[in-house]
Amino acid sequence: MIQSLRRSPLAHRAADLAAQTGGVAMIEQPFLSMVSLRVDPASEIAARVERVLGLTLPSAGAVASVVDGEGKRVVAGEERSVLWLGPDEWLVVGPVGDPADLVALLSDAVGEGPGSVVDVSANRDTLVLSGPNARDLLEKGCTLDLHPRSFTAGRCAQTTFARGHVLLWQTGAEDSASGPVYRLLFRGSFADYFADWLTDAAAEYGAG
């Protein structure tokens, strides 16, 4: 019953987002499983986490070139991705559904710690932006250098966007069929604000 009553922060804006048919396409991707993970990247605990996920935790020690450009690395698997947020902090993103299984998996790997595993799925909503002008649109409200020489598919960054805070994650390459693809993760309370700002700013590219 609870599942059937769940409503995403932008459910009432679906028509507005779908109307963006010009150089930018927008779609909400709600209810992704998101788990905050804090562990020492050099510890056996981190190694156990990597084994249960089947993914490497991106870090400065594991990826020598991770600090070049604007963003931090993302390691993507078939169903889950690990976003590097800080020296000992990651966001594990899984498919839509109950994140309890992911929390249990990571909690078992962390054990008695030191470390932490926190379900933050309800803390963020997600918008997917794609199209030939997606990067142009984001550059209107973001101070990061999003040019492919600095920010490419497989990068993420926590940044200020249009005076709000977002986690920006590029998932698709510049030369992909749909152009670059980005995910914007932000607090649900900012959903209408960002939807208003993005749809207004996208009008320049023939959207709406």
# chains A, B, ... in the order shown; residues from 1 in each chain; ligands from 1
>>> select_by_dssp(residues="region 10-93 of chain A", states="strand (DSSP E or B)", output="PyMOL selection string")
chain A and resi 25-28+32-38+72-76+81-86+89-93
>>> write_last_selection(atoms="N, CA and C atoms", output="PDB file, in the first residue's frame")
ATOM      1  N   ALA A  25      16.681  17.248 -23.729  1.00  0.00           N
ATOM      2  CA  ALA A  25      15.599  16.392 -23.239  1.00  0.00           C
ATOM      3  C   ALA A  25      15.754  16.234 -21.740  1.00  0.00           C
ATOM      4  N   MET A  26      14.640  16.263 -21.015  1.00  0.00           N
ATOM      5  CA  MET A  26      14.667  16.140 -19.556  1.00  0.00           C
ATOM      6  C   MET A  26      13.671  15.084 -19.113  1.00  0.00           C
ATOM      7  N   ILE A  27      14.080  14.285 -18.165  1.00  0.00           N
ATOM      8  CA  ILE A  27      13.172  13.293 -17.593  1.00  0.00           C
ATOM      9  C   ILE A  27      13.561  13.045 -16.139  1.00  0.00           C
ATOM     10  N   GLU A  28      12.564  12.934 -15.283  1.00  0.00           N
ATOM     11  CA  GLU A  28      12.829  12.604 -13.886  1.00  0.00           C
ATOM     12  C   GLU A  28      13.119  11.112 -13.777  1.00  0.00           C
ATOM     13  N   LEU A  32      15.636   6.114  -7.125  1.00  0.00           N
ATOM     14  CA  LEU A  32      16.855   5.323  -7.201  1.00  0.00           C
ATOM     15  C   LEU A  32      17.323   4.982  -5.792  1.00  0.00           C
ATOM     16  N   SER A  33      17.918   3.825  -5.636  1.00  0.00           N
ATOM     17  CA  SER A  33      18.500   3.453  -4.339  1.00  0.00           C
ATOM     18  C   SER A  33      19.838   4.170  -4.196  1.00  0.00           C
ATOM     19  N   MET A  34      20.021   4.876  -3.092  1.00  0.00           N
ATOM     20  CA  MET A  34      21.259   5.610  -2.841  1.00  0.00           C
ATOM     21  C   MET A  34      21.716   5.353  -1.415  1.00  0.00           C
ATOM     22  N   VAL A  35      22.955   4.931  -1.286  1.00  0.00           N
ATOM     23  CA  VAL A  35      23.497   4.611   0.032  1.00  0.00           C
ATOM     24  C   VAL A  35      24.828   5.327   0.206  1.00  0.00           C
ATOM     25  N   SER A  36      24.930   6.083   1.287  1.00  0.00           N
ATOM     26  CA  SER A  36      26.175   6.757   1.633  1.00  0.00           C
ATOM     27  C   SER A  36      27.108   5.773   2.326  1.00  0.00           C
ATOM     28  N   LEU A  37      28.343   5.710   1.842  1.00  0.00           N
ATOM     29  CA  LEU A  37      29.337   4.783   2.387  1.00  0.00           C
ATOM     30  C   LEU A  37      30.562   5.559   2.841  1.00  0.00           C
ATOM     31  N   ARG A  38      31.000   5.331   4.093  1.00  0.00           N
ATOM     32  CA  ARG A  38      32.229   5.938   4.615  1.00  0.00           C
ATOM     33  C   ARG A  38      33.121   4.838   5.166  1.00  0.00           C
ATOM     34  N   LYS A  72      35.355  14.067  -9.969  1.00  0.00           N
ATOM     35  CA  LYS A  72      35.870  12.837  -9.394  1.00  0.00           C
ATOM     36  C   LYS A  72      35.340  11.653 -10.192  1.00  0.00           C
ATOM     37  N   ARG A  73      35.980  10.516  -9.990  1.00  0.00           N
ATOM     38  CA  ARG A  73      35.651   9.354 -10.795  1.00  0.00           C
ATOM     39  C   ARG A  73      34.381   8.652 -10.332  1.00  0.00           C
ATOM     40  N   VAL A  74      33.738   7.983 -11.275  1.00  0.00           N
ATOM     41  CA  VAL A  74      32.601   7.116 -11.021  1.00  0.00           C
ATOM     42  C   VAL A  74      32.939   5.746 -11.592  1.00  0.00           C
ATOM     43  N   VAL A  75      32.703   4.702 -10.816  1.00  0.00           N
ATOM     44  CA  VAL A  75      32.857   3.341 -11.319  1.00  0.00           C
ATOM     45  C   VAL A  75      31.466   2.758 -11.497  1.00  0.00           C
ATOM     46  N   ALA A  76      31.132   2.390 -12.721  1.00  0.00           N
ATOM     47  CA  ALA A  76      29.784   1.925 -13.034  1.00  0.00           C
ATOM     48  C   ALA A  76      29.776   0.436 -13.325  1.00  0.00           C
ATOM     49  N   SER A  81      26.398   1.777  -9.387  1.00  0.00           N
ATOM     50  CA  SER A  81      27.527   2.659  -9.655  1.00  0.00           C
ATOM     51  C   SER A  81      28.024   3.210  -8.329  1.00  0.00           C
ATOM     52  N   VAL A  82      29.327   3.501  -8.273  1.00  0.00           N
ATOM     53  CA  VAL A  82      29.935   4.066  -7.071  1.00  0.00           C
ATOM     54  C   VAL A  82      30.522   5.423  -7.433  1.00  0.00           C
ATOM     55  N   LEU A  83      30.003   6.477  -6.802  1.00  0.00           N
ATOM     56  CA  LEU A  83      30.467   7.834  -7.045  1.00  0.00           C
ATOM     57  C   LEU A  83      31.395   8.251  -5.913  1.00  0.00           C
ATOM     58  N   TRP A  84      32.570   8.711  -6.261  1.00  0.00           N
ATOM     59  CA  TRP A  84      33.545   9.147  -5.261  1.00  0.00           C
ATOM     60  C   TRP A  84      33.250  10.594  -4.884  1.00  0.00           C
ATOM     61  N   LEU A  85      32.907  10.835  -3.614  1.00  0.00           N
ATOM     62  CA  LEU A  85      32.550  12.165  -3.142  1.00  0.00           C
ATOM     63  C   LEU A  85      33.650  12.829  -2.319  1.00  0.00           C
ATOM     64  N   GLY A  86      34.513  12.047  -1.703  1.00  0.00           N
ATOM     65  CA  GLY A  86      35.562  12.599  -0.858  1.00  0.00           C
ATOM     66  C   GLY A  86      36.586  11.533  -0.535  1.00  0.00           C
ATOM     67  N   GLU A  89      34.636   8.849   1.279  1.00  0.00           N
ATOM     68  CA  GLU A  89      33.173   8.905   1.140  1.00  0.00           C
ATOM     69  C   GLU A  89      32.740   8.583  -0.288  1.00  0.00           C
ATOM     70  N   TRP A  90      31.729   7.736  -0.402  1.00  0.00           N
ATOM     71  CA  TRP A  90      31.186   7.357  -1.706  1.00  0.00           C
ATOM     72  C   TRP A  90      29.661   7.349  -1.634  1.00  0.00           C
ATOM     73  N   LEU A  91      29.038   7.487  -2.790  1.00  0.00           N
ATOM     74  CA  LEU A  91      27.606   7.291  -2.914  1.00  0.00           C
ATOM     75  C   LEU A  91      27.399   6.089  -3.831  1.00  0.00           C
ATOM     76  N   VAL A  92      26.763   5.060  -3.302  1.00  0.00           N
ATOM     77  CA  VAL A  92      26.470   3.861  -4.087  1.00  0.00           C
ATOM     78  C   VAL A  92      25.043   4.000  -4.605  1.00  0.00           C
ATOM     79  N   VAL A  93      24.896   4.012  -5.913  1.00  0.00           N
ATOM     80  CA  VAL A  93      23.594   4.210  -6.547  1.00  0.00           C
ATOM     81  C   VAL A  93      23.155   2.916  -7.214  1.00  0.00           C
TER      82      VAL A  93
END
>>> select_by_dssp(residues="region 30-178 of chain A", states="helix (DSSP H, G or I)", output="PDB file with C-alpha atoms, in the first residue's frame")
ATOM      1  CA  GLU A  44      40.414  -4.437   4.618  1.00  0.00           C
ATOM      2  CA  ILE A  45      36.858  -3.184   5.112  1.00  0.00           C
ATOM      3  CA  ALA A  46      37.079  -1.305   1.799  1.00  0.00           C
ATOM      4  CA  ALA A  47      38.387  -4.459   0.169  1.00  0.00           C
ATOM      5  CA  ARG A  48      35.400  -6.411   1.518  1.00  0.00           C
ATOM      6  CA  VAL A  49      33.019  -3.753   0.193  1.00  0.00           C
ATOM      7  CA  GLU A  50      34.635  -4.012  -3.238  1.00  0.00           C
ATOM      8  CA  ARG A  51      34.236  -7.791  -3.209  1.00  0.00           C
ATOM      9  CA  VAL A  52      30.531  -7.725  -2.340  1.00  0.00           C
ATOM     10  CA  LEU A  53      29.806  -4.976  -4.873  1.00  0.00           C
ATOM     11  CA  ALA A 100      17.241  -2.335   2.045  1.00  0.00           C
ATOM     12  CA  ASP A 101      19.103  -5.117   0.232  1.00  0.00           C
ATOM     13  CA  LEU A 102      21.928  -2.759  -0.720  1.00  0.00           C
ATOM     14  CA  VAL A 103      22.151  -1.416   2.822  1.00  0.00           C
ATOM     15  CA  ALA A 104      22.250  -4.960   4.219  1.00  0.00           C
ATOM     16  CA  LEU A 105      24.945  -5.975   1.732  1.00  0.00           C
ATOM     17  CA  LEU A 106      27.198  -3.028   2.591  1.00  0.00           C
ATOM     18  CA  SER A 107      26.505  -3.205   6.330  1.00  0.00           C
ATOM     19  CA  ASP A 108      27.556  -6.840   6.357  1.00  0.00           C
ATOM     20  CA  ALA A 109      30.804  -5.925   4.589  1.00  0.00           C
ATOM     21  CA  VAL A 110      31.558  -3.027   6.967  1.00  0.00           C
ATOM     22  CA  SER A 121      17.566   7.383  -1.045  1.00  0.00           C
ATOM     23  CA  ALA A 122      14.837   9.733   0.166  1.00  0.00           C
ATOM     24  CA  ASN A 123      17.275  12.636   0.366  1.00  0.00           C
ATOM     25  CA  ALA A 134      22.604  19.648 -22.560  1.00  0.00           C
ATOM     26  CA  ARG A 135      26.100  20.844 -21.696  1.00  0.00           C
ATOM     27  CA  ASP A 136      25.317  24.382 -22.907  1.00  0.00           C
ATOM     28  CA  LEU A 137      22.292  24.472 -20.625  1.00  0.00           C
ATOM     29  CA  LEU A 138      24.228  23.297 -17.571  1.00  0.00           C
ATOM     30  CA  GLU A 139      26.999  25.807 -18.202  1.00  0.00           C
ATOM     31  CA  LYS A 140      24.472  28.615 -17.739  1.00  0.00           C
ATOM     32  CA  GLY A 141      24.113  27.811 -14.056  1.00  0.00           C
TER      33      GLY A 141
END
>>> closest_atom_pairs(of="region 85-135 of chain A", to="region 10-16 of chain A", cutoff="10 Å", atoms="only C-alpha atoms", output="CSV")
residue,atom,partner,partner_atom,distance
A:Asp125,CA,A:Leu10,CA,8.5
A:Thr126,CA,A:Leu10,CA,9.4
A:Leu127,CA,A:Leu10,CA,9.2
>>> atom_distance(atom1="CA of Gly131 (chain A)", atom2="CA of Arg6 (chain A)")
29.5 Å
>>> closest_residue(among="A:Gly172, A:Val181, A:Ala18, A:Gly154", to="Pro58 (chain A)", atoms="only C-alpha atoms")
A:Gly154
>>> closest_residue(among="A:Leu5, A:Asp192, A:Phe151, A:Ala203", to="Trp169 (chain A)", atoms="only C-alpha atoms")
A:Phe151
>>> closest_residue(among="A:Gly164, A:Pro132, A:Pro87, A:Gly111", to="Gly206 (chain A)", atoms="only C-alpha atoms")
A:Pro132
>>> closest_residue(among="A:Arg155, A:Arg183, A:His147, A:Arg163", to="Arg124 (chain A)", atoms="only C-alpha atoms")
A:Arg183
>>> closest_residue(among="A:Ser59, A:Ala195, A:Ala201, A:Asp40", to="Pro9 (chain A)", atoms="only C-alpha atoms")
A:Ala195
